[in-house]
Structure formats: C-alpha cells, structure tokens
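S.K.: Input coords.cif, format and content: mmCIF, C-alpha atoms.
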data_target
loop_
_atom_site.label_atom_id
_atom_site.label_comp_id
_atom_site.auth_asym_id
_atom_site.auth_seq_id
_atom_site.Cartn_x
_atom_site.Cartn_y
_atom_site.Cartn_z
CA MET A 1 16.68 13.03 -5.62
CA LYS A 2 17.55 15.03 -2.51
CA LEU A 3 18.90 13.28 0.58
CA ASN A 4 18.41 14.85 3.98
CA PHE A 5 20.89 12.47 5.63
CA ASN A 6 24.40 11.11 5.12
CA PRO A 7 24.32 7.51 3.81
CA ALA A 8 27.52 6.82 5.75
CA ASP A 9 25.59 7.38 9.00
CA VAL A 10 23.26 4.40 8.59
CA PRO A 11 23.84 0.63 8.47
CA SER A 12 24.07 -1.00 5.05
CA PRO A 13 21.74 -2.16 3.72
CA SER A 14 18.95 -0.20 5.38
CA TYR A 15 15.57 1.31 4.62
CA VAL A 16 15.57 4.96 5.67
CA VAL A 17 12.22 6.73 6.02
CA ASP A 18 12.40 10.52 6.15
CA GLU A 19 9.94 11.83 8.72
CA ALA A 20 9.73 15.29 7.15
CA LEU A 21 8.77 13.80 3.78
CA LEU A 22 6.20 11.56 5.44
CA ILE A 23 4.65 14.57 7.18
CA ARG A 24 4.49 16.39 3.85
CA ASN A 25 2.42 13.54 2.39
CA LEU A 26 0.19 13.38 5.45
CA GLU A 27 -0.52 17.10 5.24
CA VAL A 28 -1.75 16.68 1.66
CA MET A 29 -4.15 14.00 2.83
CA LYS A 30 -5.25 16.05 5.82
CA ARG A 31 -6.24 18.82 3.43
CA VAL A 32 -8.55 16.36 1.63
CA ILE A 33 -10.03 15.27 4.96
CA ASP A 34 -10.57 18.85 6.10
CA GLU A 35 -12.20 20.00 2.84
CA THR A 36 -14.51 17.01 2.39
CA GLY A 37 -15.12 15.39 5.77
CA CYS A 38 -14.02 12.08 4.24
CA LYS A 39 -11.99 9.55 6.20
CA ILE A 40 -8.61 8.36 4.93
CA LEU A 41 -7.12 5.09 6.13
CA LEU A 42 -3.58 3.72 5.77
CA ALA A 43 -3.60 0.53 3.70
CA GLN A 44 -1.11 -1.54 5.65
CA LYS A 45 -0.48 -3.87 2.72
CA GLY A 46 1.65 -1.10 1.23
CA PHE A 47 3.31 0.34 4.32
CA SER A 48 3.38 -1.20 7.79
CA MET A 49 6.22 0.64 9.53
CA PHE A 50 4.36 0.73 12.82
CA SER A 51 6.97 2.85 14.60
CA VAL A 52 5.48 5.81 12.70
CA TYR A 53 1.83 4.82 13.29
CA PRO A 54 1.47 7.34 16.15
CA LEU A 55 2.54 10.07 13.72
CA ILE A 56 0.25 8.83 10.93
CA GLY A 57 -2.61 8.61 13.42
CA GLN A 58 -2.32 12.35 14.06
CA TYR A 59 -3.44 12.94 10.45
CA LEU A 60 -5.39 9.88 9.23
CA ASP A 61 -8.41 8.03 10.61
CA GLY A 62 -7.08 4.50 10.94
CA VAL A 63 -5.92 1.51 8.92
CA THR A 64 -7.15 -1.08 6.48
CA SER A 65 -6.16 -4.71 6.85
CA SER A 66 -6.06 -7.76 4.62
CA GLY A 67 -6.39 -10.25 7.45
CA VAL A 68 -6.08 -10.86 11.15
CA LEU A 69 -2.37 -10.05 11.55
CA GLU A 70 -2.62 -6.64 9.92
CA ALA A 71 -5.85 -5.96 11.82
CA ARG A 72 -4.12 -6.68 15.11
CA LEU A 73 -1.12 -4.55 14.16
CA GLY A 74 -3.30 -1.54 13.36
CA TYR A 75 -5.44 -2.08 16.47
CA GLU A 76 -2.46 -2.27 18.80
CA GLU A 77 -0.11 0.25 17.22
CA MET A 78 -2.41 3.01 15.93
CA GLY A 79 -5.55 2.49 17.99
CA LYS A 80 -7.97 4.17 15.60
CA GLU A 81 -10.44 2.68 13.08
CA VAL A 82 -9.55 -0.78 11.78
CA HIS A 83 -11.18 -1.91 8.53
CA THR A 84 -10.65 -5.49 7.37
CA TYR A 85 -11.30 -7.03 3.97
CA ALA A 86 -10.29 -10.38 2.50
CA PRO A 87 -11.46 -12.36 -0.55
CA ALA A 88 -12.64 -14.94 2.00
CA PHE A 89 -12.45 -15.23 5.78
CA SER A 90 -11.68 -18.50 7.53
CA ASP A 91 -13.62 -19.82 10.51
CA ALA A 92 -10.36 -20.08 12.46
CA ASP A 93 -9.51 -16.38 12.06
CA PHE A 94 -12.92 -14.79 12.29
CA ASP A 95 -13.18 -14.42 16.07
CA GLN A 96 -9.93 -12.43 16.05
CA ILE A 97 -11.12 -10.42 13.04
CA LEU A 98 -14.12 -9.45 15.17
CA GLN A 99 -11.87 -8.60 18.10
CA TYR A 100 -9.66 -6.17 16.21
CA SER A 101 -11.95 -4.71 13.53
CA ASP A 102 -14.44 -1.85 13.48
CA HIS A 103 -15.50 -2.42 9.85
CA ILE A 104 -15.52 -5.74 7.98
CA VAL A 105 -16.01 -5.86 4.23
CA PHE A 106 -17.17 -9.15 2.72
CA ASN A 107 -16.25 -10.21 -0.78
CA SER A 108 -19.50 -12.06 -1.46
CA PHE A 109 -23.03 -12.39 -0.16
CA ARG A 110 -22.23 -16.02 0.64
CA GLN A 111 -19.53 -14.86 3.09
CA TRP A 112 -21.91 -12.29 4.57
CA GLU A 113 -24.58 -14.94 5.11
CA LYS A 114 -22.01 -17.26 6.69
CA PHE A 115 -20.68 -14.77 9.24
CA LYS A 116 -23.44 -12.22 9.81
CA ASP A 117 -24.86 -13.93 12.91
CA ARG A 118 -21.41 -13.93 14.53
CA VAL A 119 -21.14 -10.22 13.75
CA LYS A 120 -24.56 -9.48 15.26
CA GLU A 121 -23.81 -11.51 18.39
CA ASN A 122 -20.46 -9.80 18.93
CA PRO A 123 -20.53 -7.43 21.96
CA LYS A 124 -18.76 -4.70 19.99
CA LYS A 125 -20.72 -2.97 17.24
CA ILE A 126 -19.06 -3.70 13.90
CA GLU A 127 -20.14 -2.08 10.65
CA CYS A 128 -20.22 -4.39 7.64
CA GLY A 129 -19.95 -3.85 3.91
CA ILE A 130 -19.97 -5.67 0.59
CA ARG A 131 -17.21 -5.23 -1.94
CA ILE A 132 -18.63 -4.52 -5.38
CA ASN A 133 -16.97 -5.01 -8.74
CA PRO A 134 -18.11 -2.37 -11.24
CA GLU A 135 -16.33 -4.30 -14.02
CA TYR A 136 -14.56 -1.10 -14.98
CA SER A 137 -10.90 -0.28 -14.62
CA GLU A 138 -8.25 1.67 -16.49
CA ILE A 139 -5.37 -0.53 -15.33
CA GLU A 140 -3.61 -2.14 -18.29
CA VAL A 141 -1.69 -4.90 -16.46
CA ASP A 142 -3.96 -7.73 -15.32
CA MET A 143 -1.81 -8.60 -12.30
CA TYR A 144 -2.73 -5.25 -10.72
CA ASN A 145 -6.27 -4.96 -12.09
CA PRO A 146 -8.96 -5.96 -9.55
CA CYS A 147 -11.60 -5.83 -12.30
CA PHE A 148 -9.98 -7.87 -15.05
CA ALA A 149 -11.88 -10.79 -16.56
CA TYR A 150 -12.71 -13.52 -14.06
CA SER A 151 -11.48 -11.46 -11.12
CA ARG A 152 -12.05 -12.96 -7.68
CA PHE A 153 -12.69 -9.53 -6.17
CA GLY A 154 -16.16 -8.22 -5.45
CA VAL A 155 -19.77 -8.72 -6.45
CA THR A 156 -20.77 -7.74 -9.98
CA LYS A 157 -24.09 -6.13 -10.81
CA GLN A 158 -25.38 -9.43 -12.18
CA HIS A 159 -24.83 -11.17 -8.83
CA PHE A 160 -25.77 -8.32 -6.50
CA LYS A 161 -28.49 -9.38 -4.04
CA GLU A 162 -30.56 -6.41 -2.98
CA ASP A 163 -32.68 -8.60 -0.73
CA GLN A 164 -29.64 -9.46 1.41
CA LEU A 165 -28.63 -5.91 2.31
CA GLU A 166 -30.21 -5.94 5.77
CA GLY A 167 -27.38 -5.35 8.23
CA ILE A 168 -25.06 -4.00 5.52
CA ASP A 169 -23.79 -0.48 6.28
CA GLY A 170 -21.81 0.31 3.14
CA LEU A 171 -20.27 -0.69 -0.16
CA HIS A 172 -16.62 -0.85 -1.11
CA PHE A 173 -14.91 -0.78 -4.50
CA HIS A 174 -11.24 -0.87 -5.43
CA THR A 175 -10.46 -0.47 -9.12
CA MET A 176 -7.33 1.68 -9.25
CA CYS A 177 -3.54 1.40 -9.08
CA GLU A 178 -1.22 4.43 -8.98
CA GLN A 179 -3.78 6.58 -10.81
CA ASN A 180 -4.96 10.18 -10.83
CA SER A 181 -8.33 11.54 -9.76
CA ASP A 182 -9.69 11.76 -13.30
CA THR A 183 -9.72 7.95 -13.29
CA LEU A 184 -11.63 7.99 -10.02
CA GLU A 185 -14.13 10.47 -11.42
CA ARG A 186 -14.88 8.21 -14.39
CA THR A 187 -15.04 5.17 -12.12
CA VAL A 188 -17.56 6.82 -9.80
CA LYS A 189 -19.87 7.40 -12.79
CA VAL A 190 -19.82 3.68 -13.57
CA VAL A 191 -20.40 2.80 -9.91
CA GLU A 192 -23.37 5.16 -9.88
CA GLU A 193 -24.86 3.64 -13.02
CA LYS A 194 -24.62 0.09 -11.69
CA PHE A 195 -25.02 0.46 -7.92
CA GLY A 196 -26.25 3.99 -7.24
CA GLU A 197 -29.78 2.83 -6.45
CA TYR A 198 -28.44 0.87 -3.47
CA LEU A 199 -26.46 3.76 -1.92
CA LYS A 200 -29.46 5.63 -0.56
CA GLY A 201 -29.92 4.55 3.02
CA LEU A 202 -26.39 3.18 3.45
CA LYS A 203 -23.90 4.83 5.81
CA TRP A 204 -20.76 4.83 3.73
CA LEU A 205 -19.03 4.21 0.42
CA ASN A 206 -15.37 3.18 0.39
CA PHE A 207 -13.42 4.26 -2.72
CA GLY A 208 -10.65 1.74 -1.99
CA GLY A 209 -7.00 2.42 -2.77
CA GLY A 210 -4.79 3.17 -5.74
CA HIS A 211 -5.16 6.94 -5.39
CA HIS A 212 -1.74 8.53 -6.01
CA ILE A 213 -2.74 11.55 -3.95
CA THR A 214 0.78 12.67 -3.04
CA ARG A 215 2.29 12.42 -6.52
CA PRO A 216 3.38 15.90 -7.70
CA ASP A 217 0.99 15.95 -10.69
CA TYR A 218 -2.03 14.56 -8.83
CA ASP A 219 -5.19 16.66 -9.16
CA VAL A 220 -6.21 17.02 -5.51
CA ASP A 221 -8.93 19.55 -6.32
CA ARG A 222 -10.68 17.05 -8.60
CA LEU A 223 -10.50 14.43 -5.86
CA ILE A 224 -12.12 16.86 -3.43
CA ARG A 225 -14.89 17.67 -5.90
CA THR A 226 -15.55 13.97 -6.55
CA ILE A 227 -15.79 13.14 -2.85
CA ASN A 228 -18.10 16.06 -2.13
CA TYR A 229 -20.30 15.16 -5.10
CA VAL A 230 -20.87 11.63 -3.78
CA LYS A 231 -21.39 12.83 -0.20
CA GLU A 232 -23.96 15.43 -1.18
CA LYS A 233 -25.86 13.26 -3.65
CA TYR A 234 -26.11 10.09 -1.57
CA GLY A 235 -25.60 11.29 1.99
CA VAL A 236 -22.84 8.77 2.70
CA GLN A 237 -19.54 8.94 4.56
CA VAL A 238 -16.72 8.49 2.04
CA TYR A 239 -13.61 6.45 2.85
CA LEU A 240 -10.33 6.26 0.95
CA GLU A 241 -7.62 3.75 1.74
CA PRO A 242 -4.33 4.64 0.04
CA GLY A 243 -1.21 2.72 0.97
CA GLU A 244 1.45 3.72 -1.50
CA ALA A 245 0.45 7.40 -1.45
CA VAL A 246 1.10 7.64 2.28
CA ALA A 247 4.75 6.63 1.90
CA LEU A 248 5.35 7.74 -1.69
CA ASN A 249 8.83 9.25 -2.13
CA THR A 250 9.49 9.20 1.62
CA GLY A 251 11.95 6.31 1.81
CA PHE A 252 15.37 5.23 0.60
CA LEU A 253 17.36 2.01 0.50
CA VAL A 254 21.04 2.54 1.32
CA SER A 255 23.34 -0.08 -0.14
CA THR A 256 27.06 -0.73 -0.57
CA VAL A 257 29.09 -1.98 -3.52
CA LEU A 258 30.74 -5.28 -2.54
CA ASP A 259 32.66 -6.00 -5.74
CA THR A 260 32.93 -5.12 -9.41
CA LEU A 261 33.72 -7.34 -12.40
CA ASP A 262 33.41 -7.43 -16.17
CA ASN A 263 31.53 -9.98 -18.26
CA GLY A 264 30.89 -8.18 -21.52
CA MET A 265 30.00 -5.06 -19.53
CA PRO A 266 30.95 -3.69 -16.11
CA ILE A 267 28.99 -5.32 -13.27
CA ALA A 268 28.67 -4.29 -9.63
CA ILE A 269 27.57 -6.65 -6.87
CA LEU A 270 25.71 -4.92 -4.03
CA ASP A 271 24.76 -5.95 -0.51
CA THR A 272 21.18 -5.22 -1.60
CA SER A 273 19.05 -7.68 -3.55
CA ALA A 274 16.16 -7.02 -5.91
CA SER A 275 14.81 -10.48 -5.12
CA THR A 276 14.85 -10.15 -1.33
CA HIS A 277 14.84 -6.43 -0.53
CA MET A 278 12.78 -4.83 -3.31
CA PRO A 279 10.75 -7.61 -4.94
CA ASP A 280 8.60 -5.25 -7.01
CA VAL A 281 11.67 -4.45 -9.12
CA LEU A 282 11.29 -7.97 -10.51
CA GLU A 283 7.53 -8.43 -10.09
CA MET A 284 6.16 -5.23 -11.62
CA PRO A 285 8.87 -4.82 -13.08
CA TYR A 286 10.35 -1.34 -12.74
CA ARG A 287 13.68 0.47 -12.52
CA PRO A 288 14.22 2.38 -9.26
CA GLU A 289 16.09 5.66 -9.28
CA ILE A 290 19.52 6.00 -7.66
CA ALA A 291 20.80 9.29 -6.25
CA GLY A 292 23.40 10.76 -8.60
CA ALA A 293 23.06 8.01 -11.22
CA GLY A 294 21.81 8.22 -14.79
CA LYS A 295 20.34 5.97 -17.44
CA PRO A 296 22.65 3.56 -19.28
CA ASN A 297 25.35 5.48 -21.20
CA GLU A 298 24.04 8.83 -19.99
CA LYS A 299 27.12 9.26 -17.81
CA ALA A 300 30.68 8.09 -18.37
CA HIS A 301 30.55 4.68 -16.67
CA THR A 302 27.65 2.22 -17.08
CA TYR A 303 27.20 -0.77 -14.76
CA ARG A 304 24.73 -3.58 -14.37
CA LEU A 305 23.79 -3.75 -10.69
CA GLY A 306 23.08 -7.14 -9.15
CA GLY A 307 22.36 -8.58 -5.75
CA PRO A 308 24.27 -11.13 -3.65
CA THR A 309 21.82 -14.06 -4.06
CA CYS A 310 22.27 -17.13 -6.25
CA LEU A 311 19.27 -16.16 -8.42
CA ALA A 312 20.59 -15.44 -11.91
CA GLY A 313 17.90 -12.83 -12.43
CA ASP A 314 18.68 -10.91 -9.25
CA VAL A 315 19.48 -7.84 -11.34
CA ILE A 316 18.36 -4.38 -10.31
CA GLY A 317 19.13 -2.73 -13.63
CA ASP A 318 21.69 -0.81 -15.68
CA TYR A 319 22.86 2.60 -14.44
CA SER A 320 25.56 5.07 -15.35
CA PHE A 321 27.83 7.04 -13.03
CA ASP A 322 30.28 9.93 -13.30
CA GLU A 323 33.09 7.88 -11.75
CA PRO A 324 33.90 4.15 -11.80
CA LEU A 325 32.31 2.20 -8.96
CA LYS A 326 34.55 0.56 -6.40
CA PRO A 327 33.97 -1.66 -3.35
CA GLY A 328 32.69 0.39 -0.43
CA ASP A 329 30.80 2.95 -2.51
CA LYS A 330 27.34 3.80 -1.20
CA LEU A 331 24.35 3.72 -3.57
CA VAL A 332 20.99 5.10 -2.45
CA PHE A 333 17.79 3.93 -4.12
CA GLY A 334 14.77 6.24 -3.99
CA ASP A 335 11.08 5.65 -3.19
CA MET A 336 11.80 2.56 -1.11
CA ALA A 337 9.29 2.89 1.74
CA HIS A 338 6.18 1.24 0.24
CA TYR A 339 5.99 -2.40 -0.89
CA THR A 340 9.53 -3.09 0.36
CA MET A 341 9.45 -3.79 4.10
CA VAL A 342 6.07 -5.50 3.69
CA LYS A 343 7.28 -7.80 0.89
CA ASN A 344 10.92 -8.51 1.65
CA ASN A 345 12.21 -11.98 2.47
CA THR A 346 15.30 -13.94 3.57
CA PHE A 347 15.79 -16.14 0.50
CA ASN A 348 19.34 -17.54 0.39
CA GLY A 349 19.80 -16.48 4.01
CA ILE A 350 20.21 -12.89 2.90
CA ASN A 351 19.72 -10.65 5.92
CA LEU A 352 16.94 -8.07 5.96
CA PRO A 353 17.88 -4.39 5.73
CA SER A 354 17.84 -2.38 8.94
CA ILE A 355 14.92 0.00 9.44
CA VAL A 356 15.92 3.61 10.07
CA LEU A 357 13.92 6.80 10.67
CA ASN A 358 15.41 10.16 9.81
CA THR A 359 13.54 12.23 12.38
CA VAL A 360 12.83 15.94 12.23
CA ASP A 361 14.10 16.66 15.75
CA GLU A 362 16.77 14.03 16.44
CA GLY A 363 18.15 13.02 13.06
CA ILE A 364 18.98 9.38 12.38
CA LYS A 365 17.38 6.74 14.62
CA VAL A 366 18.01 3.05 13.93
CA ILE A 367 14.61 1.50 14.69
CA LYS A 368 15.46 -2.14 14.11
CA GLN A 369 18.26 -4.40 12.93
CA PHE A 370 17.88 -8.02 11.90
CA GLY A 371 20.00 -11.16 12.21
CA TYR A 372 20.13 -14.93 12.39
CA GLU A 373 17.17 -15.35 14.74
CA ASP A 374 14.87 -13.48 12.35
CA PHE A 375 15.94 -15.81 9.54
CA LYS A 376 15.69 -18.95 11.66
CA ASN A 377 12.33 -18.16 13.27
CA ARG A 378 10.58 -18.10 9.88
CA LEU A 379 11.63 -21.72 9.39
CA SER A 380 11.44 -24.92 11.38
#
Take the structure in this file and express it as structure tokens.
M.R.:
Amino acid sequence: MKLNFNPADVPSPSYVVDEALLIRNLEVMKRVIDETGCKILLAQKGFSMFSVYPLIGQYLDGVTSSGVLEARLGYEEMGKEVHTYAPAFSDADFDQILQYSDHIVFNSFRQWEKFKDRVKENPKKIECGIRINPEYSEIEVDMYNPCFAYSRFGVTKQHFKEDQLEGIDGLHFHTMCEQNSDTLERTVKVVEEKFGEYLKGLKWLNFGGGHHITRPDYDVDRLIRTINYVKEKYGVQVYLEPGEAVALNTGFLVSTVLDTLDNGMPIAILDTSASTHMPDVLEMPYRPEIAGAGKPNEKAHTYRLGGPTCLAGDVIGDYSFDEPLKPGDKLVFGDMAHYTMVKNNTFNGINLPSIVLNTVDEGIKVIKQFGYEDFKNRLS
C-alpha cells in the first residue's frame, strides 16, 4: 500500500481520499463511456463525499439515489442526471423525489400504478422504469444478494405485467456485488431469456451496480463488449451505476494507538473503531489492510487491534508489525473511502473521523471536522 501523504499531517482519526487515485478510477470509467456510449452513474449509497462531486461530474453522467435525501444531494452538488430507486416510495417523500429526479425506478407495478399519474402531471419530464429480478445471481452471501430466495427487490418473470408498460421507459436489474464482467455477461444472457422480448421499444436498460470496474484484474474489454452487444441488439441506452468501484482503493483511514496491554496476547487500543468508523469490518465481515503491517505472526510482533467503544466485539483484527506498537504510533488502513463515511455513526459518543482530501495541486486539505454538535444534533 503506497501513501502519497504523511499521516502526521492529518488529524486523527481521519478519512483521507487521494484525488490522484480517484482520477485514475474515473479515467477507467470514462474509457468505458467513450467506447460504448453508455452512461455511468455514481451510486451514492457507496460514496457520498460531495466535495469531490464536481470532479466526478467531469467524468461520469450523474448519480443514483436510494431516496429523497440522496436525490437532493446529487441534484444540488453534482447537477447532472439523478436516478432514484427504492423498494417502495412514501406519499410524503414523492413530491420531493419528483423535484430532484430525472429517472425514477419502481420496484413493483403496484408502485408504478400508484404514482404514475403524479409523474405524468409533473411539469418536468421524468423517465420511469421497472426493476426486474432475473432470479439469477452468483453472490454466495444472502445479505448482499438482491436475488436470493424471497428477495424484496424487483419484479420476477412470473409477475411481470406486459400490459402495464405504457409510460415505462426502461428496465433496471441489479444482481451483482464486487464482481467481474464475466458475471455480468452470464447475467445478461438470463435477462435476455426472461425479459428480452420487452426491451424492444424501450429507451434504456440499467445494469445496476456491483461492477468492480476499477479492480486491477477486472476485464474492462469484456464489459465493453457486453454493453455494445446489448446496445446493438436492442437499441437501448445502457446505464451502469457503480458505487464502490468509483472510490475503490482511493481512501485511507488514519488512526493513532492510544494504549497497549496484554491479556493472553498483545492488544492495542486505537482512536478508530470498527463499530463506528468502518462498520463493514464487522458486518461483512472483512479484514482491512494496514500500511506496513502483516498477517498474524508474519512479522515479529502481533497485536489484536480494538476500538475505544464499550462494545466487546469492537475488534478490527489481528496484525503483525516489525516493531512493538506504542502510544502515539500512526496506523493507516487502506481502501477506506467507500461504505465508511456513508455508514459511520456516533455510538458511545465516539466522534466521527475528519474528512480530508489529498489534492493533486495543493496537497492536504481538511474538508470537514466533527464535534459535539454533530453528535447532539442526531439526538433529541
């Protein structure tokens, strides 16, 4: 893991997004756009650091949203296309959804029937779609599988209502999570078999998210071929909406060792918490990489790293180091841009990490720091 900044130059804890690495990812996606004519949208559920939206907007076509707050954020901060999907929309939110969205994808024909008159009466033209469920996925963990048994996402072939497609501009599917383009290629074949007859005459097909486009081993050429195949066969605009791939390997979490102790093995307490600052470490679960650290017993000194909360399971993992850890040491976790800022919390009154941008031209810029008011204002 290469760091293009000095951890001592940023507050601790802090998320540091490297602008040069973000641009590298965006250039990969721009190549796909240029060679296919597809449109790629930032899925804000994975990465919502809106201070870099103007930069992202130079490469991508807009944002996808999971509700009114994300829709407003994308509308106000990027100002390009805003696509909104939710398993169900509420009456209370729908007027604002209309205000901020260019595309709305409905999860069922019942929702489409409920809201279609409000869409048609809206002064701004809004394109609408139906999310389909091809009942095919190669994701092994049900928590992340939109097509597992009894999923609440999308309309299956059995329940698809061809006679209710008037006013529908496109279809949307999302079946992937951190996967390569060979999975997409196989998925498209299933989508064709089940829903291909309905694509003729529609404007667009949205391939959803889960495309790990910027991973080093990702087959971008296969993705390009798959998009062009669908475009040429069905005459539709293709959309992709990656979230993680936009920010993949662009961010870091800088932390500090607060104390060390021994309880059967060496333990280090950090100012960074798995529970509050990187929840996916516990939810997925997974073991994040640390700059200069190794696996347990790989290097001379192995420690269990834990956070400062009262949660017994607030453990980041076991790591080894060349030298013993001591209070004040900086530890830098890698790949900490996506699903961190959007999911963190203030459990136990633990403060949120600062947000920092390592810019190409000006170096370190502290974008935002948090404190008591941020904690208090989430409560009552």
S.K.: Once the PyMOL selection byres ((chain A and resi 48) around 10) is applied to the coordinates I shared, what remains selected? I want it as an MDAnalysis selection string.
M.R.: chainID A and resid 42:47 49:53 63 70 73:74 243 247 337:342
S.K.: Can you list, as number ranges by chain, the residues that the PyMOL selection byres ((chain A and resi 328) around 9) selects here?
M.R.: A: 256-259, 325-327, 329-330
S.K.: Would you pick out the contacts of stretch 82-92 of chain A at 7 Å or less, using all atoms listed in the file, so that residues sharing its chain but fewer than 4 positions from it are not included, and give the list as a ChimeraX atom specification?
M.R.: /A:62-67,71,74-75,100-107,111,153
S.K.: Choose the residue, out of A:Leu184, A:Ser320, A:Pro285, A:Asp93, that has the smallest atom-to-atom separation from A:Lys299; count all atoms listed in the file.
M.R.: A:Ser320
S.K.: Skip A:Asn122 itself and residues of its chain fewer than 3 positions away, then list as a PyMOL selection string all residues within 10 Å of it, counting all atoms listed in the file.
M.R.: chain A and resi 95+98-99+116-119+125-126
S.K.: Carefully work through the PyMOL selection byres ((chain A and resi 245) around 7) for this structure and note down the residues it includes, as a list of chain:residue names.
M.R.: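 Written out, the selection comes to A:His211, A:His212, A:Ile213, A:Thr214, A:Pro242, A:Gly243, A:Glu244, A:Val246, A:Ala247, A:Leu248.
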S.K.: To one decimal in Å, tell me the separation between atom CA of A:Leu69 and atom CA of A:Asp280.
M.R.: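 Rounded to one decimal, the two atoms are 22.1 Å apart.
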S.K.: Within 12 Å of A:Leu21, counting all atoms listed in the file, which residues show up once you throw out same-chain ones fewer than 3 positions away? Write them as a ChimeraX atom specification, please.
M.R.: /A:2-4,16-18,24-28,214,245-252,335,337,357-360
S.K.: So how many Å separate atom CA of A:Ser354 and atom CA of A:Val10, to one decimal?
M.R.: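 According to the coordinates, atom CA of A:Ser354 and atom CA of A:Val10 are separated by 8.7 Å.
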S.K.: How close does stretch 23-132 of chain A get to stretch 157-163 of chain A? List, as CSV, each residue of stretch 23-132 of chain A within 9 Å, its nearest atom pair and the distance in Å to one decimal, counting only C-alpha atoms.
M.R.:
residue,atom,partner,partner_atom,distance
A:Ser108,CA,A:Phe160,CA,8.9
A:Phe109,CA,A:Lys161,CA,7.3
A:Ile132,CA,A:Lys157,CA,7.9
S.K.: Compare A:Glu241, A:Pro54, A:Ser273, A:Ile97 by their minimum atom-to-atom distance to A:Lys80, counting only C-alpha atoms, and give me the closest one.
M.R.: A:Pro54
S.K.: Given only C-alpha atoms as the basis, pick out the residue of A:Leu331, A:Leu352, A:Leu240, A:Ala312 nearest to A:Tyr372.
M.R.: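 Distance minimum relative to A:Tyr372 lands on A:Leu352.
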S.K.: Have a look at atom CA of A:Pro266 and atom CA of A:Pro324 and let me know their distance in Å, one decimal.
M.R.: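 A separation of 9.4 Å between them.
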S.K.: Give as a list in words every residue, naming chains and numbers as the document does, that has an atom within 12 Å of (29.0, -6.8, -15.5), counting all atoms listed in the file.
M.R.: Asp259, Thr260, Leu261, Asp262, Asn263, Gly264, Met265, Pro266, Ile267, Ala268, Ile269, His301, Thr302, Tyr303, Arg304, Leu305, Gly306, Gly307, Val315, Gly317, Asp318, Tyr319 and Leu325 of chain A
S.K.: If we draw a sphere of 10 Å around (14.5, -10.2, 3.0), which residues have at least one atom in it when counting only C-alpha atoms? Please report them as JSON, numbers by chain.
M.R.: {"A": [272, 273, 274, 275, 276, 277, 278, 279, 340, 341, 342, 343, 344, 345, 346, 347, 348, 349, 350, 351, 352, 353, 370, 374, 375]}
S.K.: Give me a file of those residues, with C-alpha atoms, as a compact mmCIF listing (two decimals), in the coordinates of the input.
M.R.:
# COMPACT_ATOMS: atom_id res chain seq x y z
CA THR A 272 21.18 -5.22 -1.60
CA SER A 273 19.05 -7.68 -3.55
CA ALA A 274 16.16 -7.02 -5.91
CA SER A 275 14.81 -10.48 -5.12
CA THR A 276 14.85 -10.15 -1.33
CA HIS A 277 14.84 -6.43 -0.53
CA MET A 278 12.78 -4.83 -3.31
CA PRO A 279 10.75 -7.61 -4.94
CA THR A 340 9.53 -3.09 0.36
CA MET A 341 9.45 -3.79 4.10
CA VAL A 342 6.07 -5.50 3.69
CA LYS A 343 7.28 -7.80 0.89
CA ASN A 344 10.92 -8.51 1.65
CA ASN A 345 12.21 -11.98 2.47
CA THR A 346 15.30 -13.94 3.57
CA PHE A 347 15.79 -16.14 0.50
CA ASN A 348 19.34 -17.54 0.39
CA GLY A 349 19.80 -16.48 4.01
CA ILE A 350 20.21 -12.89 2.90
CA ASN A 351 19.72 -10.65 5.92
CA LEU A 352 16.94 -8.07 5.96
CA PRO A 353 17.88 -4.39 5.73
CA PHE A 370 17.88 -8.02 11.90
CA ASP A 374 14.87 -13.48 12.35
CA PHE A 375 15.94 -15.81 9.54
S.K.: First collect every listed atom of stretch 245-251 of chain A; then fit an axis-aligned box around them, widen it by 8 Å on each side, and give centre and edge lengths in Å to one decimal, as JSON.
M.R.:
{"center_x": 6.2, "center_y": 7.8, "center_z": 0.1, "size_x": 27.5, "size_y": 18.9, "size_z": 20.4}
S.K.: Have a look at A:Val356, A:Asn133, A:Asn377, A:Met1 and name the one nearest to A:Tyr150; count only C-alpha atoms.
M.R.: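 Selected residue with least distance to A:Tyr150: A:Asn133.
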S.K.: Compare A:Ala20, A:Leu199, A:Trp204, A:Asp182 by their minimum atom-to-atom distance to A:Asp361, counting all atoms listed in the file, and give me the closest one.
M.R.: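 That would be A:Ala20, the residue with the smallest distance to A:Asp361.
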